[in-house]
Every structure is written in structure tokens, then in C-alpha cells.
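One file, model-v1.pdb, carrying PDB, C-alpha atoms:
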ATOM      1  CA  MET D   1      -8.514 -19.133   3.240
ATOM      2  CA  HIS D   2      -8.304 -19.102  -0.530
ATOM      3  CA  ALA D   3      -5.449 -18.383  -2.934
ATOM      4  CA  GLY D   4      -6.021 -14.618  -2.850
ATOM      5  CA  ASN D   5      -5.829 -14.513   0.946
ATOM      6  CA  VAL D   6      -2.642 -16.588   0.901
ATOM      7  CA  PHE D   7      -0.997 -14.337  -1.695
ATOM      8  CA  ALA D   8      -1.833 -11.182   0.287
ATOM      9  CA  ALA D   9      -0.541 -12.735   3.510
ATOM     10  CA  LEU D  10       2.631 -13.934   1.778
ATOM     11  CA  MET D  11       3.304 -10.464   0.372
ATOM     12  CA  ALA D  12       2.770  -8.789   3.741
ATOM     13  CA  TRP D  13       5.068 -11.339   5.374
ATOM     14  CA  LEU D  14       7.832 -10.858   2.777
ATOM     15  CA  VAL D  15       7.677  -7.055   2.896
ATOM     16  CA  ALA D  16       7.888  -7.032   6.692
ATOM     17  CA  LYS D  17      10.591  -9.667   7.070
ATOM     18  CA  SER D  18      12.759  -8.280   4.256
ATOM     19  CA  GLN D  19      13.015  -5.018   6.214
ATOM     20  CA  GLY D  20      13.647  -6.601   9.595
ATOM     21  CA  GLY D  21      10.074  -5.885  10.637
ATOM     22  CA  ARG D  22       7.487  -7.822  12.583
ATOM     23  CA  ILE D  23       4.132  -9.195  11.501
ATOM     24  CA  VAL D  24       1.122  -7.964  13.463
ATOM     25  CA  LEU D  25      -1.821 -10.357  13.313
ATOM     26  CA  ARG D  26      -5.151  -8.598  13.712
ATOM     27  CA  ILE D  27      -8.508 -10.340  13.508
ATOM     28  CA  GLU D  28     -10.852  -7.784  11.980
ATOM     29  CA  ASP D  29     -14.102  -9.028  13.461
ATOM     30  CA  LEU D  30     -16.214  -5.870  13.502
ATOM     31  CA  ASP D  31     -19.030  -7.912  11.981
ATOM     32  CA  ARG D  32     -19.702 -10.193  14.925
ATOM     33  CA  GLU D  33     -22.354 -12.251  13.125
ATOM     34  CA  ARG D  34     -19.844 -13.386  10.492
ATOM     35  CA  SER D  35     -16.856 -13.773  12.837
ATOM     36  CA  LYS D  36     -17.126 -17.181  14.447
ATOM     37  CA  PRO D  37     -14.481 -18.723  16.759
ATOM     38  CA  GLU D  38     -14.099 -21.777  14.541
ATOM     39  CA  TYR D  39     -13.240 -19.561  11.559
ATOM     40  CA  ILE D  40     -10.592 -17.755  13.568
ATOM     41  CA  ASP D  41      -9.059 -21.025  14.803
ATOM     42  CA  ALA D  42      -8.925 -22.323  11.237
ATOM     43  CA  LEU D  43      -7.287 -19.114  10.040
ATOM     44  CA  LEU D  44      -4.536 -19.294  12.663
ATOM     45  CA  HIS D  45      -3.908 -22.946  11.801
ATOM     46  CA  ASP D  46      -3.672 -22.108   8.082
ATOM     47  CA  PHE D  47      -1.126 -19.349   8.678
ATOM     48  CA  GLU D  48       1.052 -21.652  10.761
ATOM     49  CA  ALA D  49       0.818 -24.494   8.252
ATOM     50  CA  LEU D  50       1.936 -22.188   5.427
ATOM     51  CA  GLY D  51       4.885 -20.843   7.428
ATOM     52  CA  LEU D  52       3.350 -17.361   7.578
ATOM     53  CA  THR D  53       3.908 -16.942  11.290
ATOM     54  CA  TRP D  54       3.270 -13.724  13.183
ATOM     55  CA  ASP D  55       5.265 -11.904  15.854
ATOM     56  CA  VAL D  56       2.645  -9.774  17.601
ATOM     57  CA  GLY D  57      -0.975 -10.581  18.404
ATOM     58  CA  PRO D  58      -3.475 -11.798  17.598
ATOM     59  CA  TYR D  59      -5.424  -8.642  18.354
ATOM     60  CA  PHE D  60      -9.211  -8.632  18.056
ATOM     61  CA  GLN D  61     -11.265  -5.650  16.992
ATOM     62  CA  HIS D  62     -14.186  -6.680  19.180
ATOM     63  CA  ASP D  63     -11.947  -5.854  22.170
ATOM     64  CA  ARG D  64     -11.282  -2.335  20.885
ATOM     65  CA  GLN D  65     -14.674  -0.621  21.019
ATOM     66  CA  GLU D  66     -13.658   1.964  23.616
ATOM     67  CA  ALA D  67     -10.676   3.063  21.520
ATOM     68  CA  TYR D  68     -12.904   3.513  18.472
ATOM     69  CA  ARG D  69     -15.480   5.378  20.552
ATOM     70  CA  ALA D  70     -12.835   7.785  21.848
ATOM     71  CA  ALA D  71     -11.720   8.579  18.291
ATOM     72  CA  PHE D  72     -15.329   9.002  17.173
ATOM     73  CA  GLU D  73     -16.015  11.417  20.037
ATOM     74  CA  GLN D  74     -13.015  13.510  18.988
ATOM     75  CA  LEU D  75     -14.584  13.908  15.579
ATOM     76  CA  ARG D  76     -18.047  14.605  16.920
ATOM     77  CA  GLU D  77     -16.817  17.259  19.339
ATOM     78  CA  ARG D  78     -15.373  19.098  16.324
ATOM     79  CA  ASP D  79     -18.727  18.874  14.473
ATOM     80  CA  LEU D  80     -17.168  16.695  11.810
ATOM     81  CA  VAL D  81     -19.805  13.951  11.879
ATOM     82  CA  TYR D  82     -23.530  13.971  11.235
ATOM     83  CA  PRO D  83     -26.371  11.408  11.221
ATOM     84  CA  CYS D  84     -27.256   9.760   7.916
ATOM     85  CA  PHE D  85     -30.656   8.118   7.423
ATOM     86  CA  CYS D  86     -30.090   6.861   3.873
ATOM     87  CA  THR D  87     -30.819   3.235   3.055
ATOM     88  CA  ARG D  88     -28.743   1.171   0.656
ATOM     89  CA  ALA D  89     -31.475   1.623  -1.935
ATOM     90  CA  ASP D  90     -31.235   5.398  -1.490
ATOM     91  CA  LEU D  91     -27.478   5.296  -1.997
ATOM     92  CA  HIS D  92     -27.655   3.174  -5.142
ATOM     93  CA  ALA D  93     -30.356   5.399  -6.609
ATOM     94  CA  ALA D  94     -28.231   8.512  -6.056
ATOM     95  CA  SER D  95     -24.846   6.948  -6.804
ATOM     96  CA  ALA D  96     -22.223   8.699  -8.889
ATOM     97  CA  PRO D  97     -19.222   7.230 -10.746
ATOM     98  CA  HIS D  98     -16.223   6.340  -8.603
ATOM     99  CA  ARG D  99     -12.872   4.715  -9.273
ATOM    100  CA  GLY D 100     -13.459   2.292  -6.449
ATOM    101  CA  GLU D 101     -16.307  -0.079  -5.718
ATOM    102  CA  LYS D 102     -18.509   2.227  -3.647
ATOM    103  CA  PRO D 103     -20.727   5.031  -4.921
ATOM    104  CA  VAL D 104     -19.880   8.647  -4.142
ATOM    105  CA  TYR D 105     -22.139   9.826  -1.334
ATOM    106  CA  PRO D 106     -24.069  12.875  -2.596
ATOM    107  CA  GLY D 107     -24.416  14.563   0.802
ATOM    108  CA  THR D 108     -28.142  13.847   1.104
ATOM    109  CA  CYS D 109     -28.304  14.107   4.901
ATOM    110  CA  ARG D 110     -25.540  16.635   5.526
ATOM    111  CA  ALA D 111     -27.767  19.727   5.418
ATOM    112  CA  LEU D 112     -30.746  18.354   7.361
ATOM    113  CA  THR D 113     -31.979  20.620  10.142
ATOM    114  CA  ASN D 114     -32.134  19.395  13.729
ATOM    115  CA  LYS D 115     -35.900  19.154  13.405
ATOM    116  CA  GLU D 116     -35.639  17.052  10.255
ATOM    117  CA  ARG D 117     -33.124  14.780  11.950
ATOM    118  CA  SER D 118     -35.410  14.313  14.958
ATOM    119  CA  ILE D 119     -38.346  13.378  12.740
ATOM    120  CA  ARG D 120     -36.320  10.859  10.722
ATOM    121  CA  ALA D 121     -34.784   9.364  13.855
ATOM    122  CA  GLN D 122     -38.262   8.287  14.959
ATOM    123  CA  ASN D 123     -38.389   5.818  12.079
ATOM    124  CA  ARG D 124     -34.755   4.886  11.478
ATOM    125  CA  THR D 125     -31.582   4.698  13.544
ATOM    126  CA  PRO D 126     -28.981   6.728  11.676
ATOM    127  CA  ALA D 127     -25.447   5.886  10.683
ATOM    128  CA  GLN D 128     -22.770   8.551  11.211
ATOM    129  CA  ARG D 129     -20.792  10.128   8.370
ATOM    130  CA  LEU D 130     -17.614  12.166   8.378
ATOM    131  CA  VAL D 131     -17.704  15.538   6.635
ATOM    132  CA  VAL D 132     -14.984  15.689   3.973
ATOM    133  CA  PRO D 133     -13.659  18.838   2.308
ATOM    134  CA  ASP D 134     -13.107  19.640  -1.352
ATOM    135  CA  GLU D 135      -9.517  18.541  -0.979
ATOM    136  CA  VAL D 136      -7.119  16.250  -2.794
ATOM    137  CA  VAL D 137      -5.313  13.669  -0.677
ATOM    138  CA  SER D 138      -2.283  12.164  -2.379
ATOM    139  CA  PHE D 139       0.394   9.634  -1.483
ATOM    140  CA  VAL D 140       2.970   7.445  -3.197
ATOM    141  CA  ASP D 141       2.151   3.756  -3.058
ATOM    142  CA  GLN D 142       5.185   1.470  -2.916
ATOM    143  CA  ILE D 143       3.844  -0.613  -5.797
ATOM    144  CA  GLN D 144       1.215   1.443  -7.629
ATOM    145  CA  GLY D 145       3.155   4.721  -7.509
ATOM    146  CA  PRO D 146       1.540   8.167  -7.079
ATOM    147  CA  TYR D 147      -2.175   8.125  -6.282
ATOM    148  CA  GLU D 148      -4.604  10.891  -5.399
ATOM    149  CA  GLN D 149      -8.273  11.334  -4.649
ATOM    150  CA  ASN D 150     -10.499  14.363  -4.293
ATOM    151  CA  LEU D 151     -12.476  13.466  -1.205
ATOM    152  CA  ALA D 152     -15.550  15.512  -2.069
ATOM    153  CA  TYR D 153     -15.917  14.390  -5.691
ATOM    154  CA  GLU D 154     -14.461  10.871  -5.699
ATOM    155  CA  CYS D 155     -15.613   9.663  -2.309
ATOM    156  CA  GLY D 156     -18.041  11.950  -0.507
ATOM    157  CA  ASP D 157     -18.755  11.963   3.212
ATOM    158  CA  PHE D 158     -18.010   8.428   4.371
ATOM    159  CA  LEU D 159     -19.243   6.269   7.230
ATOM    160  CA  VAL D 160     -17.470   6.181  10.558
ATOM    161  CA  GLN D 161     -20.263   4.364  12.403
ATOM    162  CA  ARG D 162     -22.951   2.078  11.033
ATOM    163  CA  SER D 163     -26.626   2.313  11.880
ATOM    164  CA  ASP D 164     -26.341  -0.812  14.071
ATOM    165  CA  GLY D 165     -23.780   0.986  16.241
ATOM    166  CA  ALA D 166     -20.711  -0.827  14.935
ATOM    167  CA  PHE D 167     -17.792   1.422  14.084
ATOM    168  CA  ALA D 168     -16.859   1.450  10.423
ATOM    169  CA  TYR D 169     -13.783  -0.232   8.999
ATOM    170  CA  GLN D 170     -12.126   3.047   7.952
ATOM    171  CA  LEU D 171     -12.148   4.418  11.493
ATOM    172  CA  ALA D 172     -11.232   1.141  13.186
ATOM    173  CA  VAL D 173      -8.169   0.363  11.083
ATOM    174  CA  VAL D 174      -6.529   3.775  11.460
ATOM    175  CA  VAL D 175      -6.974   3.643  15.245
ATOM    176  CA  ASP D 176      -5.655   0.074  15.355
ATOM    177  CA  ASP D 177      -2.690   0.745  13.058
ATOM    178  CA  ALA D 178      -1.544   3.662  15.217
ATOM    179  CA  GLU D 179      -1.916   1.899  18.557
ATOM    180  CA  GLN D 180      -0.434  -1.392  17.357
ATOM    181  CA  GLY D 181       2.634   0.228  15.816
ATOM    182  CA  VAL D 182       1.797  -0.645  12.213
ATOM    183  CA  ASN D 183       4.038   1.359   9.870
ATOM    184  CA  SER D 184       3.663  -0.792   6.738
ATOM    185  CA  VAL D 185       0.372  -1.929   5.191
ATOM    186  CA  VAL D 186       0.314  -4.476   2.341
ATOM    187  CA  ARG D 187      -3.074  -5.341   0.840
ATOM    188  CA  GLY D 188      -5.039  -5.811  -2.392
ATOM    189  CA  VAL D 189      -5.281  -3.067  -4.988
ATOM    190  CA  ASP D 190      -9.059  -3.058  -4.540
ATOM    191  CA  LEU D 191      -8.444  -1.126  -1.303
ATOM    192  CA  LEU D 192      -6.261   1.512  -2.954
ATOM    193  CA  CYS D 193      -9.214   3.897  -3.259
ATOM    194  CA  SER D 194      -9.900   3.631   0.494
ATOM    195  CA  THR D 195      -6.428   4.812   1.449
ATOM    196  CA  PRO D 196      -6.946   8.591   0.991
ATOM    197  CA  GLN D 197      -9.913   8.377   3.359
ATOM    198  CA  GLN D 198      -7.786   6.621   5.950
ATOM    199  CA  ILE D 199      -4.993   9.154   5.517
ATOM    200  CA  TYR D 200      -7.493  11.979   6.031
ATOM    201  CA  LEU D 201      -8.691  10.344   9.256
ATOM    202  CA  GLN D 202      -5.098   9.922  10.410
ATOM    203  CA  ARG D 203      -4.508  13.640   9.915
ATOM    204  CA  LEU D 204      -7.684  14.610  11.757
ATOM    205  CA  LEU D 205      -6.834  12.358  14.706
ATOM    206  CA  GLY D 206      -3.122  13.216  14.795
ATOM    207  CA  LEU D 207      -2.068   9.647  13.972
ATOM    208  CA  SER D 208       1.013   8.529  12.075
ATOM    209  CA  GLN D 209       0.686   7.442   8.445
ATOM    210  CA  PRO D 210       2.024   3.996   7.475
ATOM    211  CA  ALA D 211       3.660   3.195   4.165
ATOM    212  CA  TYR D 212       1.225   1.514   1.780
ATOM    213  CA  ALA D 213       1.760  -1.181  -0.853
ATOM    214  CA  HIS D 214      -1.228  -2.373  -2.885
ATOM    215  CA  ILE D 215      -0.735  -5.647  -4.701
ATOM    216  CA  PRO D 216      -2.546  -7.137  -7.737
ATOM    217  CA  LEU D 217      -5.596  -9.304  -7.101
ATOM    218  CA  LEU D 218      -5.780 -12.992  -7.809
ATOM    219  CA  VAL D 219      -9.042 -13.582  -9.653
ATOM    220  CA  ALA D 220     -10.966 -16.647 -10.768
ATOM    221  CA  GLU D 221     -11.349 -15.073 -14.182
ATOM    222  CA  LYS D 222     -11.217 -11.500 -15.417
ATOM    223  CA  ASP D 223     -13.057  -9.154 -13.017
ATOM    224  CA  ARG D 224     -14.363 -11.967 -10.778
ATOM    225  CA  ARG D 225     -12.716 -12.184  -7.388
ATOM    226  CA  LEU D 226     -11.777 -15.366  -5.648
ATOM    227  CA  SER D 227     -14.105 -16.223  -2.801
ATOM    228  CA  LYS D 228     -15.136 -19.130  -0.612
ATOM    229  CA  ARG D 229     -17.410 -20.197  -3.461
ATOM    230  CA  ASP D 230     -14.351 -20.820  -5.658
ATOM    231  CA  LYS D 231     -13.666 -24.297  -4.333
ATOM    232  CA  ASP D 232     -10.708 -24.877  -6.631
ATOM    233  CA  ALA D 233      -8.890 -21.972  -4.994
ATOM    234  CA  SER D 234      -9.589 -22.999  -1.393
ATOM    235  CA  LEU D 235      -6.683 -24.050   0.793
ATOM    236  CA  ASP D 236      -7.923 -27.650   0.946
ATOM    237  CA  ALA D 237      -8.145 -27.784  -2.848
ATOM    238  CA  MET D 238      -4.679 -26.260  -3.165
ATOM    239  CA  LEU D 239      -3.219 -28.852  -0.790
ATOM    240  CA  ALA D 240      -4.834 -31.611  -2.824
ATOM    241  CA  ARG D 241      -3.371 -30.133  -6.017
ATOM    242  CA  PHE D 242       0.094 -29.058  -4.851
ATOM    243  CA  LYS D 243       0.531 -31.659  -2.065
ATOM    244  CA  THR D 244       2.385 -29.498   0.473
ATOM    245  CA  PRO D 245       2.353 -25.956   1.898
ATOM    246  CA  GLU D 246       5.666 -25.415   0.098
ATOM    247  CA  GLY D 247       3.974 -26.452  -3.145
ATOM    248  CA  ILE D 248       1.270 -23.838  -2.641
ATOM    249  CA  ILE D 249       3.769 -21.080  -1.849
ATOM    250  CA  GLY D 250       5.928 -22.086  -4.817
ATOM    251  CA  HIS D 251       3.033 -22.047  -7.267
ATOM    252  CA  LEU D 252       1.890 -18.614  -6.084
ATOM    253  CA  ALA D 253       5.453 -17.285  -6.247
ATOM    254  CA  GLY D 254       5.954 -18.522  -9.793
ATOM    255  CA  LEU D 255       2.508 -17.369 -10.956
ATOM    256  CA  THR D 256       3.012 -13.833  -9.626
ATOM    257  CA  GLY D 257       6.639 -13.360 -10.629
ATOM    258  CA  LEU D 258       8.135 -13.593  -7.148
ATOM    259  CA  ALA D 259      10.107 -16.642  -8.275
ATOM    260  CA  SER D 260      11.374 -17.803 -11.669
ATOM    261  CA  THR D 261       9.671 -21.203 -11.351
ATOM    262  CA  CYS D 262       6.668 -22.717  -9.599
ATOM    263  CA  ASP D 263       8.829 -25.223  -7.730
ATOM    264  CA  PRO D 264       7.984 -25.791  -4.042
ATOM    265  CA  ILE D 265       9.541 -23.186  -1.769
ATOM    266  CA  THR D 266       9.111 -21.795   1.737
ATOM    267  CA  PRO D 267       8.512 -18.146   2.622
ATOM    268  CA  GLU D 268      11.961 -18.073   4.266
ATOM    269  CA  GLN D 269      13.608 -19.246   1.034
ATOM    270  CA  LEU D 270      11.770 -16.550  -0.941
ATOM    271  CA  LEU D 271      13.353 -13.942   1.328
ATOM    272  CA  ASP D 272      16.763 -14.717  -0.181
ATOM    273  CA  THR D 273      15.821 -13.021  -3.467
ATOM    274  CA  PHE D 274      12.944 -10.776  -2.366
ATOM    275  CA  ASP D 275      13.455  -7.064  -2.978
ATOM    276  CA  LEU D 276      10.705  -4.550  -2.200
ATOM    277  CA  THR D 277      12.175  -2.030  -4.644
ATOM    278  CA  ARG D 278      11.646  -4.524  -7.505
ATOM    279  CA  LEU D 279       7.950  -5.042  -6.850
ATOM    280  CA  SER D 280       6.806  -2.030  -8.816
ATOM    281  CA  SER D 281       8.583  -3.359 -11.922
ATOM    282  CA  ILE D 282       7.349  -6.938 -11.362
ATOM    283  CA  PHE D 283       3.771  -5.746 -10.991
ATOM    284  CA  GLU D 284       3.983  -2.806 -13.396
ATOM    285  CA  ASP D 285       0.514  -2.103 -14.871
ATOM    286  CA  LEU D 286      -0.696  -5.394 -13.396
ATOM    287  CA  ILE D 287      -4.002  -5.260 -11.532
ATOM    288  CA  GLN D 288      -5.170  -8.870 -11.783
ATOM    289  CA  ILE D 289      -3.628 -12.305 -11.996
ATOM    290  CA  SER D 290      -5.865 -15.158 -13.115
ATOM    291  CA  TRP D 291      -5.720 -18.089 -10.733
ATOM    292  CA  GLN D 292      -7.729 -20.322 -13.077
ATOM    293  CA  GLU D 293      -5.631 -19.884 -16.184
ATOM    294  CA  GLY D 294      -2.317 -18.727 -14.782
ATOM    295  CA  TYR D 295      -1.978 -15.625 -16.940
ATOM    296  CA  SER D 296      -1.734 -11.940 -16.101
ATOM    297  CA  VAL D 297      -4.421  -9.345 -16.774
ATOM    298  CA  LEU D 298      -3.045  -5.862 -17.432
ATOM    299  CA  GLY D 299      -4.609  -2.640 -16.223
ATOM    300  CA  GLU D 300      -6.654  -0.621 -18.661
TER     301      GLU D 300
END

Produce C-alpha cells that represent the structure in this file.
Amino acid sequence: MHAGNVFAALMAWLVAKSQGGRIVLRIEDLDRERSKPEYIDALLHDFEALGLTWDVGPYFQHDRQEAYRAAFEQLRERDLVYPCFCTRADLHAASAPHRGEKPVYPGTCRALTNKERSIRAQNRTPAQRLVVPDEVVSFVDQIQGPYEQNLAYECGDFLVQRSDGAFAYQLAVVVDDAEQGVNSVVRGVDLLCSTPQQIYLQRLLGLSQPAYAHIPLLVAEKDRRLSKRDKDASLDAMLARFKTPEGIIGHLAGLTGLASTCDPITPEQLLDTFDLTRLSSIFEDLIQISWQEGYSVLGE
């Protein structure tokens, strides 16, 4: 874990516990090559050490393939999915502007005939995309406020199954959230632009829609995310710097405005003054918080 992971986990924990809710721990290990048992064990240990305990789980996505397949078949039976043979190079070459991080899919493979699909399938295993309409999906985020996205022009048909057979994140999380009783999702603002796609899938599959709260990102410097390469933001480095788990939580709380000082504090102690309704004012216009320098970066 690094500082950004800890901040996101802390926020999710505070939002849930302040409302008498429970924390669901889900290990999102769709990418089996990158999801190693030792990483998972370390993650669980880190959560416990920081006092960010969970009430339900852990659930593992690698155990959920049949549930994802059932949802996918619902979509396919309604002719809402089609094979896509585009490579990453194809997508980048045809990309269009988008508010998020991914290019807008231009619909290259949507209109292929069955014969054209058969010919292309001889050379490349296709991914599967969901047909989206020219429709605006809107919702009110608990922190960012009103947000909307035209699926056709700001997203395009998106993946529900990868070419290697793995089900895509968008499909997996909406199925998991519904079955695991998740009614509140707290995550980084970089995933705000994915939410309309997930809401659209929820509507198609008849699933309930959680409340969403997208928090500012902790960054190493402006526009550069924290990652495992940022050694000074790793949990080990933070323990060396702040001495205790309470020191880490306190520094994050003070840096992000959850507390008035950076003094050591536990998640339970933060609950005494935590108020979900105040988050929008605390984080107003704030999209990034610099971990390196300790200052806020306002939205443009």
C-alpha cells in the first residue's frame, strides 16, 4: 500500500462507520497474473495494522466468474454486445477527447457483418463491447456534486469482456456490488468518469444503484499519481517517517482537512468529528493533494 491507497481506505471506512454501516472487503483480482497470494496477505496485514478493519469478506473476484458470465449472457441474449477486434494501437490511433483517462471508442467494429467478424476471428480473438445509446446518464456524487456523461460521445461502446476471456472491471464491480449488498462506494475522483457506465449496466441488469463519493487524489506532484515506484509514499516509508500507524493516519487527516492538526490519531477517534455532509465543503474544487509538498491542488 501507499499513501493514496491508505487515504482511500480511510475515507471509505469513515463514511461507512459514520452511518452505522459495514465495510465489505473485496479483493479485485481479475488480473490473475498480477494478483499474487503474498500481495493479498500483505494487504490484509496493512489494513489491520492501520485499524481499518472490515466486517464482511474478504471476497475474491476470481471466485465469481459464473456470476459475471450470467450477467454477460443476459446482455448477449438482448443483442447488446458485439465482438471487437481492435488492438490498443488501433484505439490510440482513433482516439477522441474524453474527460477521463480512456479514449472514446469510435464504434469501429460495431457495424461489421457476420462474414467480416468470421474472417477477423481467424487471426485475433475478439473482446466484447457493450452497445451504448446516445443518452446522458447523470447522478449526484456525495462529494463532487452533479455529474453527467453522454455515453455515446464521452465514452463509446465499452468493454465487458477482454480478448483473453477475463470479464472487464465495469461488469464485475456492478455484479459484485449488488450481490454483496454494497450501497455506498467511496473511491478516487479518477474513477468518476467510469460511474455513468456502471450505472447504465446496473439499469440494464436490474441492479440497485449505490451512492457514490469520489475523493481527491493524493499525488506525488501535480498530475503524477502515487504508485509503488514512489518509495517515500510506501507504507514502510511512512512508518519510518511517522513512527506509528496512528502517526500515518494523523498526518493524512491533517493534510486532507479531516483533522485540524497532523497529530497522531486513530480512525475511531476521527469518527468523533467526521461528518459526511461536510466533505463537499472540505474538498470543494479540490481534485489533487500533493503528498510530497503537503499542499492542495485546485481543479481547473

> Which protein, DNA or RNA residues are at most 12 Å from (-0.4, 7.0, -8.1) in the file's coordinates when you count all atoms listed in the file, listed as a PyMOL selection string?
Replying inline: chain D and resi 137-149+189+192-193+195-196+212-214+280+284-285

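For the pair CA of Gln180 in chain D and CA of Ala168 in chain D, the separation is 18.1 Å.
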
>> Applying 7 Å and all atoms listed in the file, which residues near Gly57 in chain D remain after dropping the ones on its own chain fewer than 3 positions away? List them as a PyMOL selection string.
In response: chain D and resi 24-26

> Using all atoms listed in the file, which of the listed residues (D:Arg110, D:Arg162, D:Lys115, D:Arg34) sits closest to Ala127 in chain D?
Replying inline: D:Arg162

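Closest approach to Met11 in chain D among D:Val81, D:Leu270, D:Val186, D:Ile27: D:Val186, based on only C-alpha atoms.
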
Residues within 12 Å of Phe85 in chain D, please, as an mmCIF file with C-alpha atoms, in the coordinates of the input. Count all atoms listed in the file; anything in the same chain fewer than 4 positions from it doesn't count.
data_model
loop_
_atom_site.group_PDB
_atom_site.id
_atom_site.type_symbol
_atom_site.label_atom_id
_atom_site.label_comp_id
_atom_site.auth_asym_id
_atom_site.auth_seq_id
_atom_site.Cartn_x
_atom_site.Cartn_y
_atom_site.Cartn_z
ATOM 1 C CA ALA D 89 -31.475 1.623 -1.935
ATOM 2 C CA ASP D 90 -31.235 5.398 -1.490
ATOM 3 C CA LEU D 91 -27.478 5.296 -1.997
ATOM 4 C CA GLY D 107 -24.416 14.563 0.802
ATOM 5 C CA THR D 108 -28.142 13.847 1.104
ATOM 6 C CA CYS D 109 -28.304 14.107 4.901
ATOM 7 C CA ARG D 110 -25.540 16.635 5.526
ATOM 8 C CA LEU D 112 -30.746 18.354 7.361
ATOM 9 C CA GLU D 116 -35.639 17.052 10.255
ATOM 10 C CA ARG D 117 -33.124 14.780 11.950
ATOM 11 C CA SER D 118 -35.410 14.313 14.958
ATOM 12 C CA ILE D 119 -38.346 13.378 12.740
ATOM 13 C CA ARG D 120 -36.320 10.859 10.722
ATOM 14 C CA ALA D 121 -34.784 9.364 13.855
ATOM 15 C CA GLN D 122 -38.262 8.287 14.959
ATOM 16 C CA ASN D 123 -38.389 5.818 12.079
ATOM 17 C CA ARG D 124 -34.755 4.886 11.478
ATOM 18 C CA THR D 125 -31.582 4.698 13.544
ATOM 19 C CA PRO D 126 -28.981 6.728 11.676
ATOM 20 C CA ALA D 127 -25.447 5.886 10.683
ATOM 21 C CA GLN D 128 -22.770 8.551 11.211
ATOM 22 C CA ARG D 129 -20.792 10.128 8.370
ATOM 23 C CA LEU D 159 -19.243 6.269 7.230
ATOM 24 C CA ARG D 162 -22.951 2.078 11.033
ATOM 25 C CA SER D 163 -26.626 2.313 11.880
ATOM 26 C CA ASP D 164 -26.341 -0.812 14.071
#

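Considering all atoms listed in the file, the residue among D:Asp177, D:Asp157, D:Asp63, D:Asp190 positioned nearest to Leu80 in chain D is D:Asp157.
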
>> I want to know what sits within 8 Å of range 200-209 of chain D, based on all atoms listed in the file, with residues of the same chain fewer than 5 positions away left out; could you give that as a list in words?
In response: Ala71, Gln74, Leu75, Val137, Leu171, Val174, Val175, Ala178 and Asn183 of chain D

Residue subset to file, keeping C-alpha atoms, as a compact mmCIF listing (two decimals), in the frame of the given file:
# COMPACT_ATOMS: atom_id res chain seq x y z
CA ALA D 71 -11.72 8.58 18.29
CA GLN D 74 -13.02 13.51 18.99
CA LEU D 75 -14.58 13.91 15.58
CA VAL D 137 -5.31 13.67 -0.68
CA LEU D 171 -12.15 4.42 11.49
CA VAL D 174 -6.53 3.78 11.46
CA VAL D 175 -6.97 3.64 15.24
CA ALA D 178 -1.54 3.66 15.22
CA ASN D 183 4.04 1.36 9.87

> For the file shown, what are the residues hit by the PyMOL selection byres ((chain D and resi 2) around 7), laid out as a list of chain:residue names?
Replying inline: D:Met1, D:Ala3, D:Gly4, D:Asn5, D:Val6, D:Ser227, D:Lys228, D:Ala233, D:Ser234, D:Leu235

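Residues in contact range of Leu239 in chain D, defined as at most 12 Å between all atoms listed in the file, with sequence neighbours fewer than 2 positions away removed, read Met1, His2, Ala3, Asp46, Ala49, Leu50, Lys231, Asp232, Ala233, Ser234, Leu235, Asp236, Ala237, Arg241, Phe242, Lys243, Thr244, Pro245, Glu246, Gly247, Ile248, Ile249 and His251 of chain D.
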
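Among the candidates D:Val160, D:Ile199, D:Leu44, D:Leu217, the residue lying nearest to Glu73 in chain D is D:Val160 (atoms considered: all atoms listed in the file).
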
Serialized range 107-138 of chain D w/ C-alpha atoms as a PDB file, in the first residue's frame:
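The resulting file, selection-v8.pdb, is reproduced below:
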ATOM      1  CA  GLY D 107     -17.500   2.153 -32.913  1.00  0.00           C
ATOM      2  CA  THR D 108     -15.036   0.610 -35.370  1.00  0.00           C
ATOM      3  CA  CYS D 109     -16.281  -2.972 -35.005  1.00  0.00           C
ATOM      4  CA  ARG D 110     -19.943  -2.340 -34.224  1.00  0.00           C
ATOM      5  CA  ALA D 111     -21.173  -2.490 -37.828  1.00  0.00           C
ATOM      6  CA  LEU D 112     -19.074  -5.437 -39.027  1.00  0.00           C
ATOM      7  CA  THR D 113     -21.037  -8.110 -40.868  1.00  0.00           C
ATOM      8  CA  ASN D 114     -21.047 -11.705 -39.652  1.00  0.00           C
ATOM      9  CA  LYS D 115     -18.752 -12.604 -42.529  1.00  0.00           C
ATOM     10  CA  GLU D 116     -16.292  -9.862 -41.613  1.00  0.00           C
ATOM     11  CA  ARG D 117     -16.335 -10.998 -37.998  1.00  0.00           C
ATOM     12  CA  SER D 118     -15.638 -14.601 -39.007  1.00  0.00           C
ATOM     13  CA  ILE D 119     -12.674 -13.563 -41.140  1.00  0.00           C
ATOM     14  CA  ARG D 120     -11.160 -11.396 -38.396  1.00  0.00           C
ATOM     15  CA  ALA D 121     -11.723 -14.076 -35.767  1.00  0.00           C
ATOM     16  CA  GLN D 122      -9.342 -16.348 -37.677  1.00  0.00           C
ATOM     17  CA  ASN D 123      -6.465 -14.033 -36.803  1.00  0.00           C
ATOM     18  CA  ARG D 124      -7.486 -12.472 -33.493  1.00  0.00           C
ATOM     19  CA  THR D 125      -9.640 -13.454 -30.533  1.00  0.00           C
ATOM     20  CA  PRO D 126     -12.082 -10.601 -30.008  1.00  0.00           C
ATOM     21  CA  ALA D 127     -13.005  -8.689 -26.897  1.00  0.00           C
ATOM     22  CA  GLN D 128     -16.700  -7.974 -26.280  1.00  0.00           C
ATOM     23  CA  ARG D 129     -18.161  -4.465 -26.143  1.00  0.00           C
ATOM     24  CA  LEU D 130     -21.473  -3.194 -24.850  1.00  0.00           C
ATOM     25  CA  VAL D 131     -23.580  -1.103 -27.217  1.00  0.00           C
ATOM     26  CA  VAL D 132     -24.360   2.265 -25.619  1.00  0.00           C
ATOM     27  CA  PRO D 133     -27.069   4.690 -26.728  1.00  0.00           C
ATOM     28  CA  ASP D 134     -26.914   8.415 -27.393  1.00  0.00           C
ATOM     29  CA  GLU D 135     -28.067   9.024 -23.852  1.00  0.00           C
ATOM     30  CA  VAL D 136     -26.991  11.148 -20.915  1.00  0.00           C
ATOM     31  CA  VAL D 137     -26.537   9.352 -17.603  1.00  0.00           C
ATOM     32  CA  SER D 138     -26.455  11.678 -14.616  1.00  0.00           C
TER      33      SER D 138
END
